[in-house]
file structure_18.cif (mmCIF, C-alpha atoms; chains and numbers go by the auth columns)
data_coords
#
loop_
_atom_site.group_PDB
_atom_site.id
_atom_site.type_symbol
_atom_site.label_atom_id
_atom_site.label_comp_id
_atom_site.label_asym_id
_atom_site.label_seq_id
_atom_site.Cartn_x
_atom_site.Cartn_y
_atom_site.Cartn_z
_atom_site.B_iso_or_equiv
_atom_site.auth_seq_id
_atom_site.auth_asym_id
ATOM 1 C CA MET A 1 6.879 2.818 28.985 0.00 1 A
ATOM 2 C CA LYS A 2 5.476 3.061 25.496 0.00 2 A
ATOM 3 C CA SER A 3 7.023 5.190 22.832 0.00 3 A
ATOM 4 C CA LEU A 4 5.640 7.358 20.097 0.00 4 A
ATOM 5 C CA VAL A 5 7.283 7.890 16.779 0.00 5 A
ATOM 6 C CA PHE A 6 5.861 10.533 14.537 0.00 6 A
ATOM 7 C CA ALA A 7 6.849 10.326 10.911 0.00 7 A
ATOM 8 C CA LEU A 8 6.668 13.935 9.916 0.00 8 A
ATOM 9 C CA ALA A 9 6.260 15.043 6.334 0.00 9 A
ATOM 10 C CA PRO A 10 9.485 14.960 4.365 0.00 10 A
ATOM 11 C CA LEU A 11 11.077 18.369 4.627 0.00 11 A
ATOM 12 C CA PHE A 12 12.149 18.227 1.042 0.00 12 A
ATOM 13 C CA LEU A 13 13.080 15.916 -1.742 0.00 13 A
ATOM 14 C CA ILE A 14 16.163 17.138 -3.509 0.00 14 A
ATOM 15 C CA ALA A 15 16.427 15.848 -7.017 0.00 15 A
ATOM 16 C CA THR A 16 19.670 14.966 -8.697 0.00 16 A
ATOM 17 C CA ALA A 17 19.295 15.671 -12.395 0.00 17 A
ATOM 18 C CA TYR A 18 15.745 16.790 -11.570 0.00 18 A
ATOM 19 C CA ALA A 19 14.571 13.335 -10.509 0.00 19 A
ATOM 20 C CA THR A 20 11.659 13.269 -8.090 0.00 20 A
ATOM 21 C CA VAL A 21 9.423 10.755 -6.374 0.00 21 A
ATOM 22 C CA ASP A 22 6.040 11.195 -4.730 0.00 22 A
ATOM 23 C CA ARG A 23 6.343 12.502 -1.150 0.00 23 A
ATOM 24 C CA GLU A 24 3.220 10.609 -0.120 0.00 24 A
ATOM 25 C CA GLN A 25 4.805 7.342 -1.243 0.00 25 A
ATOM 26 C CA ILE A 26 7.852 8.064 0.918 0.00 26 A
ATOM 27 C CA LYS A 27 5.594 8.854 3.897 0.00 27 A
ATOM 28 C CA SER A 28 3.588 5.683 3.255 0.00 28 A
ATOM 29 C CA THR A 29 6.753 3.570 3.251 0.00 29 A
ATOM 30 C CA VAL A 30 7.844 5.100 6.560 0.00 30 A
ATOM 31 C CA ARG A 31 4.398 4.657 8.153 0.00 31 A
ATOM 32 C CA LYS A 32 4.275 1.021 7.025 0.00 32 A
ATOM 33 C CA ASN A 33 7.537 0.396 8.887 0.00 33 A
ATOM 34 C CA ASN A 34 6.822 2.557 11.937 0.00 34 A
ATOM 35 C CA ALA A 35 7.014 -0.385 14.353 0.00 35 A
ATOM 36 C CA LYS A 36 10.621 -1.019 13.304 0.00 36 A
ATOM 37 C CA ILE A 37 11.532 2.611 13.964 0.00 37 A
ATOM 38 C CA SER A 38 9.767 2.427 17.333 0.00 38 A
ATOM 39 C CA ALA A 39 11.866 -0.627 18.223 0.00 39 A
ATOM 40 C CA CYS A 40 15.028 1.395 17.559 0.00 40 A
ATOM 41 C CA TYR A 41 13.720 4.179 19.792 0.00 41 A
ATOM 42 C CA ASN A 42 12.847 1.712 22.542 0.00 42 A
ATOM 43 C CA LYS A 43 16.447 0.459 22.487 0.00 43 A
ATOM 44 C CA GLY A 44 17.582 4.042 23.024 0.00 44 A
ATOM 45 C CA LEU A 45 15.111 4.472 25.898 0.00 45 A
ATOM 46 C CA LYS A 46 16.763 1.578 27.712 0.00 46 A
ATOM 47 C CA GLU A 47 20.011 3.577 27.778 0.00 47 A
ATOM 48 C CA ASN A 48 18.361 6.919 28.454 0.00 48 A
ATOM 49 C CA PRO A 49 14.789 6.923 29.818 0.00 49 A
ATOM 50 C CA GLU A 50 14.482 10.645 29.013 0.00 50 A
ATOM 51 C CA LEU A 51 15.409 10.242 25.346 0.00 51 A
ATOM 52 C CA ALA A 52 13.227 12.292 22.989 0.00 52 A
ATOM 53 C CA GLY A 53 13.601 14.688 20.097 0.00 53 A
ATOM 54 C CA LYS A 54 13.724 15.086 16.341 0.00 54 A
ATOM 55 C CA LEU A 55 15.974 12.909 14.202 0.00 55 A
ATOM 56 C CA LEU A 56 16.554 14.240 10.690 0.00 56 A
ATOM 57 C CA ILE A 57 17.871 11.591 8.333 0.00 57 A
ATOM 58 C CA GLU A 58 18.937 12.301 4.780 0.00 58 A
ATOM 59 C CA TRP A 59 19.228 9.459 2.295 0.00 59 A
ATOM 60 C CA ASP A 60 19.513 8.744 -1.424 0.00 60 A
ATOM 61 C CA VAL A 61 17.276 6.341 -3.329 0.00 61 A
ATOM 62 C CA ASP A 62 18.370 4.726 -6.582 0.00 62 A
ATOM 63 C CA ASP A 63 16.363 3.677 -9.622 0.00 63 A
ATOM 64 C CA LYS A 64 15.612 0.321 -7.983 0.00 64 A
ATOM 65 C CA GLY A 65 14.023 1.941 -4.911 0.00 65 A
ATOM 66 C CA GLN A 66 16.956 1.024 -2.652 0.00 66 A
ATOM 67 C CA MET A 67 18.602 3.371 -0.205 0.00 67 A
ATOM 68 C CA ILE A 68 22.210 3.785 -1.275 0.00 68 A
ATOM 69 C CA LYS A 69 23.511 6.092 1.466 0.00 69 A
ATOM 70 C CA ALA A 70 22.151 7.736 4.576 0.00 70 A
ATOM 71 C CA GLU A 71 23.284 10.019 7.349 0.00 71 A
ATOM 72 C CA VAL A 72 21.904 11.907 10.302 0.00 72 A
ATOM 73 C CA ASN A 73 21.816 15.662 9.864 0.00 73 A
ATOM 74 C CA LYS A 74 23.348 16.390 13.266 0.00 74 A
ATOM 75 C CA SER A 75 22.904 20.167 12.996 0.00 75 A
ATOM 76 C CA LYS A 76 19.126 19.845 12.572 0.00 76 A
ATOM 77 C CA SER A 77 18.514 16.919 14.933 0.00 77 A
ATOM 78 C CA THR A 78 17.765 17.183 18.635 0.00 78 A
ATOM 79 C CA PHE A 79 17.721 13.401 19.124 0.00 79 A
ATOM 80 C CA LYS A 80 21.028 12.308 20.625 0.00 80 A
ATOM 81 C CA ASN A 81 21.536 8.560 20.737 0.00 81 A
ATOM 82 C CA GLU A 82 24.041 7.109 18.308 0.00 82 A
ATOM 83 C CA LYS A 83 22.934 3.476 18.718 0.00 83 A
ATOM 84 C CA ALA A 84 19.285 4.297 18.006 0.00 84 A
ATOM 85 C CA GLU A 85 20.299 6.524 15.079 0.00 85 A
ATOM 86 C CA LYS A 86 22.331 3.674 13.553 0.00 86 A
ATOM 87 C CA CYS A 87 19.443 1.291 14.154 0.00 87 A
ATOM 88 C CA VAL A 88 17.053 3.572 12.231 0.00 88 A
ATOM 89 C CA ILE A 89 19.496 3.844 9.325 0.00 89 A
ATOM 90 C CA GLU A 90 19.947 0.061 9.254 0.00 90 A
ATOM 91 C CA GLU A 91 16.171 -0.348 9.096 0.00 91 A
ATOM 92 C CA LEU A 92 15.901 2.174 6.258 0.00 92 A
ATOM 93 C CA LYS A 93 18.431 0.149 4.260 0.00 93 A
ATOM 94 C CA SER A 94 16.078 -2.832 4.199 0.00 94 A
ATOM 95 C CA TRP A 95 13.024 -0.957 2.887 0.00 95 A
ATOM 96 C CA ASN A 96 11.855 -0.541 -0.697 0.00 96 A
ATOM 97 C CA PHE A 97 11.165 3.075 -1.599 0.00 97 A
ATOM 98 C CA PRO A 98 9.575 4.505 -4.732 0.00 98 A
ATOM 99 C CA ALA A 99 12.251 4.200 -7.398 0.00 99 A
ATOM 100 C CA ALA A 100 13.995 7.195 -8.891 0.00 100 A
ATOM 101 C CA PRO A 101 13.731 7.511 -12.669 0.00 101 A
ATOM 102 C CA ARG A 102 16.065 5.153 -14.526 0.00 102 A
ATOM 103 C CA GLY A 103 19.715 6.041 -14.053 0.00 103 A
ATOM 104 C CA GLN A 104 18.966 8.773 -11.511 0.00 104 A
ATOM 105 C CA ILE A 105 19.079 9.250 -7.748 0.00 105 A
ATOM 106 C CA VAL A 106 16.600 11.028 -5.497 0.00 106 A
ATOM 107 C CA SER A 107 17.698 12.566 -2.184 0.00 107 A
ATOM 108 C CA VAL A 108 15.261 12.511 0.726 0.00 108 A
ATOM 109 C CA SER A 109 15.387 14.504 3.959 0.00 109 A
ATOM 110 C CA PHE A 110 12.971 13.091 6.526 0.00 110 A
ATOM 111 C CA PRO A 111 12.372 14.091 10.159 0.00 111 A
ATOM 112 C CA PHE A 112 11.294 11.557 12.768 0.00 112 A
ATOM 113 C CA ALA A 113 9.957 12.892 16.081 0.00 113 A
ATOM 114 C CA PHE A 114 10.359 10.698 19.141 0.00 114 A
ATOM 115 C CA SER A 115 8.613 11.086 22.500 0.00 115 A
ATOM 116 C CA LYS A 116 7.573 8.926 25.415 0.00 116 A
ATOM 117 C CA THR A 117 4.012 8.302 26.407 0.00 117 A
ATOM 118 C CA PRO A 118 3.269 8.302 30.136 0.00 118 A
ATOM 119 C CA LYS A 119 2.778 4.970 31.887 0.00 119 A
ATOM 120 C CA ASN A 120 -0.846 4.134 32.544 0.00 120 A
#

call {"tool": "encode", "arguments": {"input": "structure_18.cif", "output": "structure tokens"}}
result
Amino acid sequence: MKSLVFALAPLFLIATAYATVDREQIKSTVRKNNAKISACYNKGLKENPELAGKLLIEWDVDDKGQMIKAEVNKSKSTFKNEKAEKCVIEELKSWNFPAAPRGQIVSVSFPFAFSKTPKN
């Protein structure tokens, strides 16, 4: 069974002290690492072959482009697999994002949509 991961457009970038980064750069970073996110989803599929849904993750990026904290927005996510959710967050920690302006933090809210593709 193959899996599909759709990196949807960031819902919003909330700026602390009015700091912003380019949404397209965030999307590009996610797309570049899509295979890693798919691997997390595939782990979840092993536990639950019917696993699918939207996973909304919110994270902060510092002025070095590093994620400094992340969490799943449970109220806006339909994806329900804690191991896969943790896997995605661990992957995000290792990526380099566009840096926030010096001394500032940018908050990102990003939905991932997961679905299975039928066996051929």

call {"tool": "closest_residue", "arguments": {"input": "structure_18.cif", "among": "A:Lys86, A:Lys80, A:Lys69, A:Lys93", "to": "Cys40 of chain A", "atoms": "all atoms listed in the file"}}
result
A:Lys86

call {"tool": "resolve_selection", "arguments": {"input": "structure_18.cif", "expression": "the PyMOL selection byres ((chain A and resi 44-59) around 8)", "output": "MDAnalysis selection string"}}
result
chainID A and resid 40:43 60:61 67:74 76:81 83:85 89 107:116

call {"tool": "atom_distance", "arguments": {"input": "structure_18.cif", "atom1": "atom CA of Ser28 of chain A", "atom2": "atom CA of Arg102 of chain A"}}
result
21.7 Å

call {"tool": "atom_distance", "arguments": {"input": "structure_18.cif", "atom1": "atom CA of Asn33 of chain A", "atom2": "atom CA of Asp63 of chain A"}}
result
20.8 Å

call {"tool": "axis_aligned_box", "arguments": {"input": "structure_18.cif", "around": "segment 19-27 of chain A", "padding_each_side": "4 Å", "output": "lines of an AutoDock Vina configuration file"}}
result
center_x = 8.9
center_y = 10.3
center_z = -3.3
size_x = 19.4
size_y = 14.0
size_z = 22.4
